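For reference, entry_28.pdb (PDB, C-alpha atoms):
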```
ATOM      1  CA  MET A 927      -7.394 -13.602   8.056
ATOM      2  CA  ASP A 928      -7.000 -13.757  11.827
ATOM      3  CA  ASN A 929      -3.332 -14.635  11.313
ATOM      4  CA  LEU A 930      -2.541 -11.637   9.098
ATOM      5  CA  GLN A 931       0.733 -10.059  10.223
ATOM      6  CA  PHE A 932       2.314  -6.742   9.277
ATOM      7  CA  ARG A 933       6.117  -6.600   9.409
ATOM      8  CA  LYS A 934       8.209  -3.770   8.048
ATOM      9  CA  PHE A 935      10.113  -4.863   4.969
ATOM     10  CA  GLU A 936      13.748  -5.722   5.617
ATOM     11  CA  LYS A 937      16.613  -6.177   3.136
ATOM     12  CA  LYS A 938      16.002  -9.946   3.065
ATOM     13  CA  ASP A 939      12.415  -9.432   1.810
ATOM     14  CA  PHE A 940      13.260  -8.105  -1.661
ATOM     15  CA  GLY A 941      12.001 -11.294  -3.348
ATOM     16  CA  SER A 942       8.506 -10.772  -1.950
ATOM     17  CA  TYR A 943       8.494  -7.125  -2.976
ATOM     18  CA  PHE A 944       9.664  -7.972  -6.487
ATOM     19  CA  GLN A 945       6.992 -10.679  -6.751
ATOM     20  CA  LEU A 946       4.413  -7.879  -6.432
ATOM     21  CA  VAL A 947       5.911  -5.076  -8.496
ATOM     22  CA  SER A 948       6.935  -7.344 -11.375
ATOM     23  CA  ASN A 949       3.385  -8.709 -11.649
ATOM     24  CA  GLU A 950       1.564  -7.048 -14.558
ATOM     25  CA  MET A 951      -1.869  -7.699 -13.040
ATOM     26  CA  VAL A 952      -0.908  -6.062  -9.736
ATOM     27  CA  MET A 953       0.716  -3.070 -11.384
ATOM     28  CA  ALA A 954      -1.965  -2.504 -14.046
ATOM     29  CA  GLN A 955      -3.820  -0.013 -11.838
ATOM     30  CA  ILE A 956      -0.750   1.443 -10.122
ATOM     31  CA  THR A 957       1.901   2.268 -12.714
ATOM     32  CA  GLU A 958       0.252   0.550 -15.712
ATOM     33  CA  ARG A 959       3.453  -1.483 -16.130
ATOM     34  CA  ALA A 960       5.453  -4.109 -14.306
ATOM     35  CA  ILE A 961       8.613  -2.727 -12.694
ATOM     36  CA  PRO A 962      11.902  -4.147 -14.078
ATOM     37  CA  LEU A 963      14.485  -5.612 -11.697
ATOM     38  CA  ASP A 964      16.962  -2.691 -11.697
ATOM     39  CA  GLU A 965      14.223  -0.118 -11.027
ATOM     40  CA  ALA A 966      12.691  -2.335  -8.345
ATOM     41  CA  LYS A 967      16.054  -2.577  -6.546
ATOM     42  CA  VAL A 968      16.342   1.224  -6.415
ATOM     43  CA  ASN A 969      12.748   1.617  -5.222
ATOM     44  CA  TYR A 970      13.219  -1.095  -2.613
ATOM     45  CA  GLN A 971      16.293   0.589  -1.156
ATOM     46  CA  ARG A 972      14.182   3.731  -0.662
ATOM     47  CA  ILE A 973      11.607   1.612   1.208
ATOM     48  CA  ILE A 974      14.304   0.146   3.469
ATOM     49  CA  ASP A 975      15.708   3.621   4.165
ATOM     50  CA  ARG A 976      12.253   5.075   4.973
ATOM     51  CA  ASN A 977      11.378   2.099   7.168
ATOM     52  CA  ALA A 978      14.376   2.914   9.356
ATOM     53  CA  GLU A 979      13.235   6.526   9.870
ATOM     54  CA  ALA A 980       9.976   6.130  11.840
ATOM     55  CA  ASP A 981       8.178   3.716  14.116
ATOM     56  CA  MET A 982       4.673   3.482  12.645
ATOM     57  CA  PHE A 983       5.288   4.953   9.210
ATOM     58  CA  GLY A 984       6.743   2.699   6.555
ATOM     59  CA  THR A 985       6.055  -0.146   4.151
ATOM     60  CA  TYR A 986       4.865  -3.417   5.620
ATOM     61  CA  LYS A 987       5.176  -6.949   4.311
ATOM     62  CA  ILE A 988       1.832  -8.662   4.889
ATOM     63  CA  VAL A 989       1.861 -12.370   5.579
ATOM     64  CA  GLU A 990      -0.722 -14.924   6.626
ATOM     65  CA  ASN A 991       0.593 -18.103   8.236
ATOM     66  CA  GLU A 992       4.033 -17.158   6.840
ATOM     67  CA  THR A 993       2.634 -16.905   3.287
ATOM     68  CA  PHE A 994       3.216 -13.582   1.521
ATOM     69  CA  VAL A 995      -0.033 -11.791   0.655
ATOM     70  CA  GLY A 996       1.051  -8.271  -0.260
ATOM     71  CA  LEU A 997       2.244  -4.969   1.108
ATOM     72  CA  GLY A 998       0.750  -1.969   2.823
ATOM     73  CA  HIS A 999       2.216   1.415   3.498
ATOM     74  CA  LEU A1000       1.591   4.319   5.829
ATOM     75  CA  THR A1001       3.569   7.327   4.653
ATOM     76  CA  SER A1002       3.842  10.675   6.428
ATOM     77  CA  LYS A1003       3.122  13.437   3.908
ATOM     78  CA  THR A1004       2.929  16.716   5.832
ATOM     79  CA  SER A1005       2.405  17.612   9.451
ATOM     80  CA  GLY A1006      -0.756  15.818  10.486
ATOM     81  CA  GLU A1007      -1.315  14.153   7.099
ATOM     82  CA  ALA A1008      -0.450  10.627   5.967
ATOM     83  CA  GLU A1009      -1.176   8.383   3.004
ATOM     84  CA  ILE A1010      -2.130   4.715   2.999
ATOM     85  CA  GLY A1011      -1.811   2.267   0.148
ATOM     86  CA  TYR A1012      -1.572  -1.435  -0.517
ATOM     87  CA  MET A1013      -0.818  -4.034  -3.171
ATOM     88  CA  ILE A1014      -2.108  -7.583  -2.976
ATOM     89  CA  LEU A1015      -1.151 -10.639  -5.012
ATOM     90  CA  PRO A1016      -3.964 -11.553  -7.449
ATOM     91  CA  GLU A1017      -4.742 -14.874  -5.771
ATOM     92  CA  TYR A1018      -5.917 -12.907  -2.698
ATOM     93  CA  TRP A1019      -8.124 -10.400  -4.568
ATOM     94  CA  GLY A1020     -11.818 -10.306  -3.728
ATOM     95  CA  LYS A1021     -11.408 -12.155  -0.429
ATOM     96  CA  GLY A1022     -11.522  -9.246   2.031
ATOM     97  CA  TYR A1023      -7.778  -8.706   2.423
ATOM     98  CA  GLY A1024      -7.950  -5.123   1.113
ATOM     99  CA  THR A1025     -10.467  -4.174   3.792
ATOM    100  CA  VAL A1026      -8.444  -5.769   6.592
ATOM    101  CA  ILE A1027      -5.254  -4.111   5.360
ATOM    102  CA  ALA A1028      -6.890  -0.677   5.024
ATOM    103  CA  CYS A1029      -8.352  -0.963   8.550
ATOM    104  CA  HIS A1030      -4.958  -1.889   9.990
ATOM    105  CA  LEU A1031      -3.204   1.001   8.234
ATOM    106  CA  ILE A1032      -5.838   3.444   9.512
ATOM    107  CA  LYS A1033      -5.337   2.093  13.050
ATOM    108  CA  LEU A1034      -1.584   2.628  12.698
ATOM    109  CA  ALA A1035      -2.255   6.216  11.606
ATOM    110  CA  THR A1036      -4.279   6.841  14.772
ATOM    111  CA  LEU A1037      -1.158   5.972  16.800
ATOM    112  CA  THR A1038       0.685   8.914  15.219
ATOM    113  CA  ASN A1039      -0.042  12.645  15.043
ATOM    114  CA  THR A1040      -1.997  12.067  11.817
ATOM    115  CA  ARG A1041      -5.265  13.988  11.538
ATOM    116  CA  ILE A1042      -5.996  13.350   7.834
ATOM    117  CA  VAL A1043      -5.412  10.088   5.970
ATOM    118  CA  LYS A1044      -5.308  10.128   2.187
ATOM    119  CA  ALA A1045      -5.306   7.360  -0.398
ATOM    120  CA  ILE A1046      -4.707   7.552  -4.131
ATOM    121  CA  ILE A1047      -6.125   4.961  -6.501
ATOM    122  CA  ASP A1048      -6.746   4.476 -10.191
ATOM    123  CA  PRO A1049     -10.353   5.689 -10.593
ATOM    124  CA  ARG A1050     -11.105   2.496 -12.562
ATOM    125  CA  ASN A1051     -10.206   0.356  -9.531
ATOM    126  CA  SER A1052     -13.744  -0.171  -8.256
ATOM    127  CA  ALA A1053     -12.675  -2.661  -5.564
ATOM    128  CA  SER A1054     -10.283  -0.200  -3.883
ATOM    129  CA  ARG A1055     -12.795   2.608  -4.310
ATOM    130  CA  LYS A1056     -15.441   0.535  -2.498
ATOM    131  CA  ILE A1057     -13.002  -0.334   0.323
ATOM    132  CA  LEU A1058     -12.111   3.325   0.880
ATOM    133  CA  LEU A1059     -15.738   4.500   0.821
ATOM    134  CA  ASN A1060     -16.679   1.748   3.305
ATOM    135  CA  GLN A1061     -13.874   2.952   5.591
ATOM    136  CA  GLY A1062     -15.331   6.471   5.656
ATOM    137  CA  PHE A1063     -13.103   8.090   3.031
ATOM    138  CA  SER A1064     -14.479  10.770   0.714
ATOM    139  CA  SER A1065     -13.417  11.369  -2.847
ATOM    140  CA  GLU A1066     -11.523  14.641  -3.062
ATOM    141  CA  LYS A1067     -10.811  14.814  -6.785
ATOM    142  CA  VAL A1068     -10.130  12.851  -9.936
ATOM    143  CA  CYS A1069      -7.030  14.033 -11.740
ATOM    144  CA  GLU A1070      -3.841  12.930 -13.414
ATOM    145  CA  MET A1071      -0.644  12.206 -11.473
ATOM    146  CA  ASP A1072       2.622  11.503 -13.270
ATOM    147  CA  GLY A1073       0.617  11.056 -16.452
ATOM    148  CA  LEU A1074      -1.664   8.411 -14.926
ATOM    149  CA  PRO A1075      -5.331   8.643 -13.909
ATOM    150  CA  ALA A1076      -5.782   9.144 -10.167
ATOM    151  CA  GLU A1077      -8.550   9.606  -7.633
ATOM    152  CA  ILE A1078      -7.590  11.125  -4.299
ATOM    153  CA  PHE A1079      -9.548  10.198  -1.180
ATOM    154  CA  HIS A1080      -9.324  11.614   2.340
ATOM    155  CA  LYS A1081     -10.561  10.752   5.802
ATOM    156  CA  ALA A1082     -10.375  12.789   8.995
ATOM    157  CA  LEU A1083      -9.264  10.867  12.078
TER     158      LEU A1083
END
```
Structure re-expressed in structure tokens:
Amino acid sequence: MDNLQFRKFEKKDFGSYFQLVSNEMVMAQITERAIPLDEAKVNYQRIIDRNAEADMFGTYKIVENETFVGLGHLTSKTSGEAEIGYMILPEYWGKGYGTVIACHLIKLATLTNTRIVKAIIDPRNSASRKILLNQGFSSEKVCEMDGLPAEIFHKAL
């Protein structure tokens, strides 16, 4: 994982993005459904637009030795508050990538005016829960968001 690189998604990277969001296993604990092509195109254009707005904030394509692993995002929410998140292709699950990605996103947040970092996961996602707790996050609440189960975590920087 020493060669893990974070590059903001560009228009040419749609295929990698769609590889993730169309994967039922990846999306099971995010939207509980794979995203169809037309919806993915609309969502991806929003990512490209947001990536152009800020230096550190945005959605990153994560590659290792030029092989696509997943994505990570650092999104500004309110003044001083940001959210991190990630999606990883199933073949990279359970190998430490989530921890490395979370650490990198937290480091990016420290380079901004962010004072609080949040993360939202499916409460059944024990792997992501463990990663966040190991990174010093605290569970804020378990609730429902957009009709889906959610657990909100926070960490002060």
**Report entry** For atom CA of Glu1017 of chain A and atom CA of Ile1047 of chain A, the interatomic separation in Å (one decimal)
**Finding:**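 Atom-to-atom, atom CA of Glu1017 of chain A and atom CA of Ile1047 of chain A are spaced 19.9 Å apart.
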Query raised in the report: If the PyMOL selection byres ((chain A and resi 1004) around 12) is run on the structure shown, which residues does it catch, given as a ChimeraX atom specification?
Result: /A:1001-1003,1005-1009,1039-1044
Show me as a PDB file with C-alpha atoms, keeping the file's coordinate frame the residues that reach within 9 Å of (4.4, -5.0, -7.1), counting all atoms listed in the file and using the file's own coordinates.
```
ATOM      1  CA  SER A 942       8.506 -10.772  -1.950  1.00  0.00           C
ATOM      2  CA  TYR A 943       8.494  -7.125  -2.976  1.00  0.00           C
ATOM      3  CA  PHE A 944       9.664  -7.972  -6.487  1.00  0.00           C
ATOM      4  CA  GLN A 945       6.992 -10.679  -6.751  1.00  0.00           C
ATOM      5  CA  LEU A 946       4.413  -7.879  -6.432  1.00  0.00           C
ATOM      6  CA  VAL A 947       5.911  -5.076  -8.496  1.00  0.00           C
ATOM      7  CA  SER A 948       6.935  -7.344 -11.375  1.00  0.00           C
ATOM      8  CA  ASN A 949       3.385  -8.709 -11.649  1.00  0.00           C
ATOM      9  CA  GLU A 950       1.564  -7.048 -14.558  1.00  0.00           C
ATOM     10  CA  VAL A 952      -0.908  -6.062  -9.736  1.00  0.00           C
ATOM     11  CA  MET A 953       0.716  -3.070 -11.384  1.00  0.00           C
ATOM     12  CA  ILE A 956      -0.750   1.443 -10.122  1.00  0.00           C
ATOM     13  CA  ALA A 960       5.453  -4.109 -14.306  1.00  0.00           C
ATOM     14  CA  ILE A 961       8.613  -2.727 -12.694  1.00  0.00           C
ATOM     15  CA  ALA A 966      12.691  -2.335  -8.345  1.00  0.00           C
ATOM     16  CA  GLY A 996       1.051  -8.271  -0.260  1.00  0.00           C
ATOM     17  CA  LEU A 997       2.244  -4.969   1.108  1.00  0.00           C
ATOM     18  CA  MET A1013      -0.818  -4.034  -3.171  1.00  0.00           C
ATOM     19  CA  ILE A1014      -2.108  -7.583  -2.976  1.00  0.00           C
ATOM     20  CA  LEU A1015      -1.151 -10.639  -5.012  1.00  0.00           C
TER      21      LEU A1015
END
```
Which residues fall under the PyMOL selection byres ((chain A and resi 1061-1066) around 9) in this file, as a JSON list (two decimals) with C-alpha atoms, in the frame of the given file?
```
[["chain", "number", "residue", "atom", "x", "y", "z"],
["A", 1025, "THR", "CA", -10.47, -4.17, 3.79],
["A", 1028, "ALA", "CA", -6.89, -0.68, 5.02],
["A", 1029, "CYS", "CA", -8.35, -0.96, 8.55],
["A", 1032, "ILE", "CA", -5.84, 3.44, 9.51],
["A", 1043, "VAL", "CA", -5.41, 10.09, 5.97],
["A", 1044, "LYS", "CA", -5.31, 10.13, 2.19],
["A", 1045, "ALA", "CA", -5.31, 7.36, -0.40],
["A", 1055, "ARG", "CA", -12.80, 2.61, -4.31],
["A", 1056, "LYS", "CA", -15.44, 0.54, -2.50],
["A", 1057, "ILE", "CA", -13.00, -0.33, 0.32],
["A", 1058, "LEU", "CA", -12.11, 3.32, 0.88],
["A", 1059, "LEU", "CA", -15.74, 4.50, 0.82],
["A", 1060, "ASN", "CA", -16.68, 1.75, 3.30],
["A", 1067, "LYS", "CA", -10.81, 14.81, -6.78],
["A", 1068, "VAL", "CA", -10.13, 12.85, -9.94],
["A", 1077, "GLU", "CA", -8.55, 9.61, -7.63],
["A", 1078, "ILE", "CA", -7.59, 11.12, -4.30],
["A", 1079, "PHE", "CA", -9.55, 10.20, -1.18],
["A", 1080, "HIS", "CA", -9.32, 11.61, 2.34],
["A", 1081, "LYS", "CA", -10.56, 10.75, 5.80],
["A", 1082, "ALA", "CA", -10.38, 12.79, 8.99]]
```
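All residues that come within 10 Å of the coordinates (-1.1, -17.8, 12.8), counting all atoms listed in the file, are given as A:Met927, A:Asp928, A:Asn929, A:Leu930, A:Gln931, A:Val989, A:Glu990, A:Asn991, A:Glu992.
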Query raised in the report: In Å, with one decimal, what is the gap from atom CA of Lys967 of chain A to atom CA of Glu979 of chain A?
Result: 19.0 Å
Report task. Find the distance between atom CA of Asp964 of chain A and atom CA of Asp939 of chain A and write it in Å to one decimal. Result -> 15.8 Å
Query raised in the report: Any idea what's packed within 10 Å of Tyr1018 of chain A, counting only C-alpha atoms, ignoring anything in its chain fewer than 5 positions away? Could you give it as a ChimeraX atom specification?
Result: /A:995-996,1023-1024
Report summary line: Nearest to Arg959 of chain A, restricted to all atoms listed in the file and choosing among A:Leu1083, A:Leu1074, A:Val1026, A:Ala1053, comes out as A:Leu1074
Report task. Decode the PyMOL selection byres ((chain A and resi 1000) around 9) for the given file into explicit residues and return them as a PyMOL selection string. Result -> chain A and resi 982-986+998-999+1001-1002+1008-1011+1031-1032+1034-1035
Store the residues picked out above, limited to C-alpha atoms, as a PDB file, keeping the file's coordinate frame.
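result35.pdb was written with the following content:
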```
ATOM      1  CA  MET A 982       4.673   3.482  12.645  1.00  0.00           C
ATOM      2  CA  PHE A 983       5.288   4.953   9.210  1.00  0.00           C
ATOM      3  CA  GLY A 984       6.743   2.699   6.555  1.00  0.00           C
ATOM      4  CA  THR A 985       6.055  -0.146   4.151  1.00  0.00           C
ATOM      5  CA  TYR A 986       4.865  -3.417   5.620  1.00  0.00           C
ATOM      6  CA  GLY A 998       0.750  -1.969   2.823  1.00  0.00           C
ATOM      7  CA  HIS A 999       2.216   1.415   3.498  1.00  0.00           C
ATOM      8  CA  THR A1001       3.569   7.327   4.653  1.00  0.00           C
ATOM      9  CA  SER A1002       3.842  10.675   6.428  1.00  0.00           C
ATOM     10  CA  ALA A1008      -0.450  10.627   5.967  1.00  0.00           C
ATOM     11  CA  GLU A1009      -1.176   8.383   3.004  1.00  0.00           C
ATOM     12  CA  ILE A1010      -2.130   4.715   2.999  1.00  0.00           C
ATOM     13  CA  GLY A1011      -1.811   2.267   0.148  1.00  0.00           C
ATOM     14  CA  LEU A1031      -3.204   1.001   8.234  1.00  0.00           C
ATOM     15  CA  ILE A1032      -5.838   3.444   9.512  1.00  0.00           C
ATOM     16  CA  LEU A1034      -1.584   2.628  12.698  1.00  0.00           C
ATOM     17  CA  ALA A1035      -2.255   6.216  11.606  1.00  0.00           C
TER      18      ALA A1035
END
```
Six-sided padding of 6 Å per side, axis-aligned box over segment 946-957 of chain A, centre and edges in Å, one decimal, as lines of an AutoDock Vina configuration file:
```
center_x = 1.6
center_y = -3.2
center_z = -10.5
size_x = 22.8
size_y = 23.0
size_z = 20.1
```
Report task. Could you give me, as a list in words, the residues within 10 Å of Asp1072 of chain A, counting only C-alpha atoms and dropping anything in the same chain fewer than 3 positions from it? Result ->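 The residues satisfying every condition are Thr957, Pro1075 and Ala1076 of chain A.
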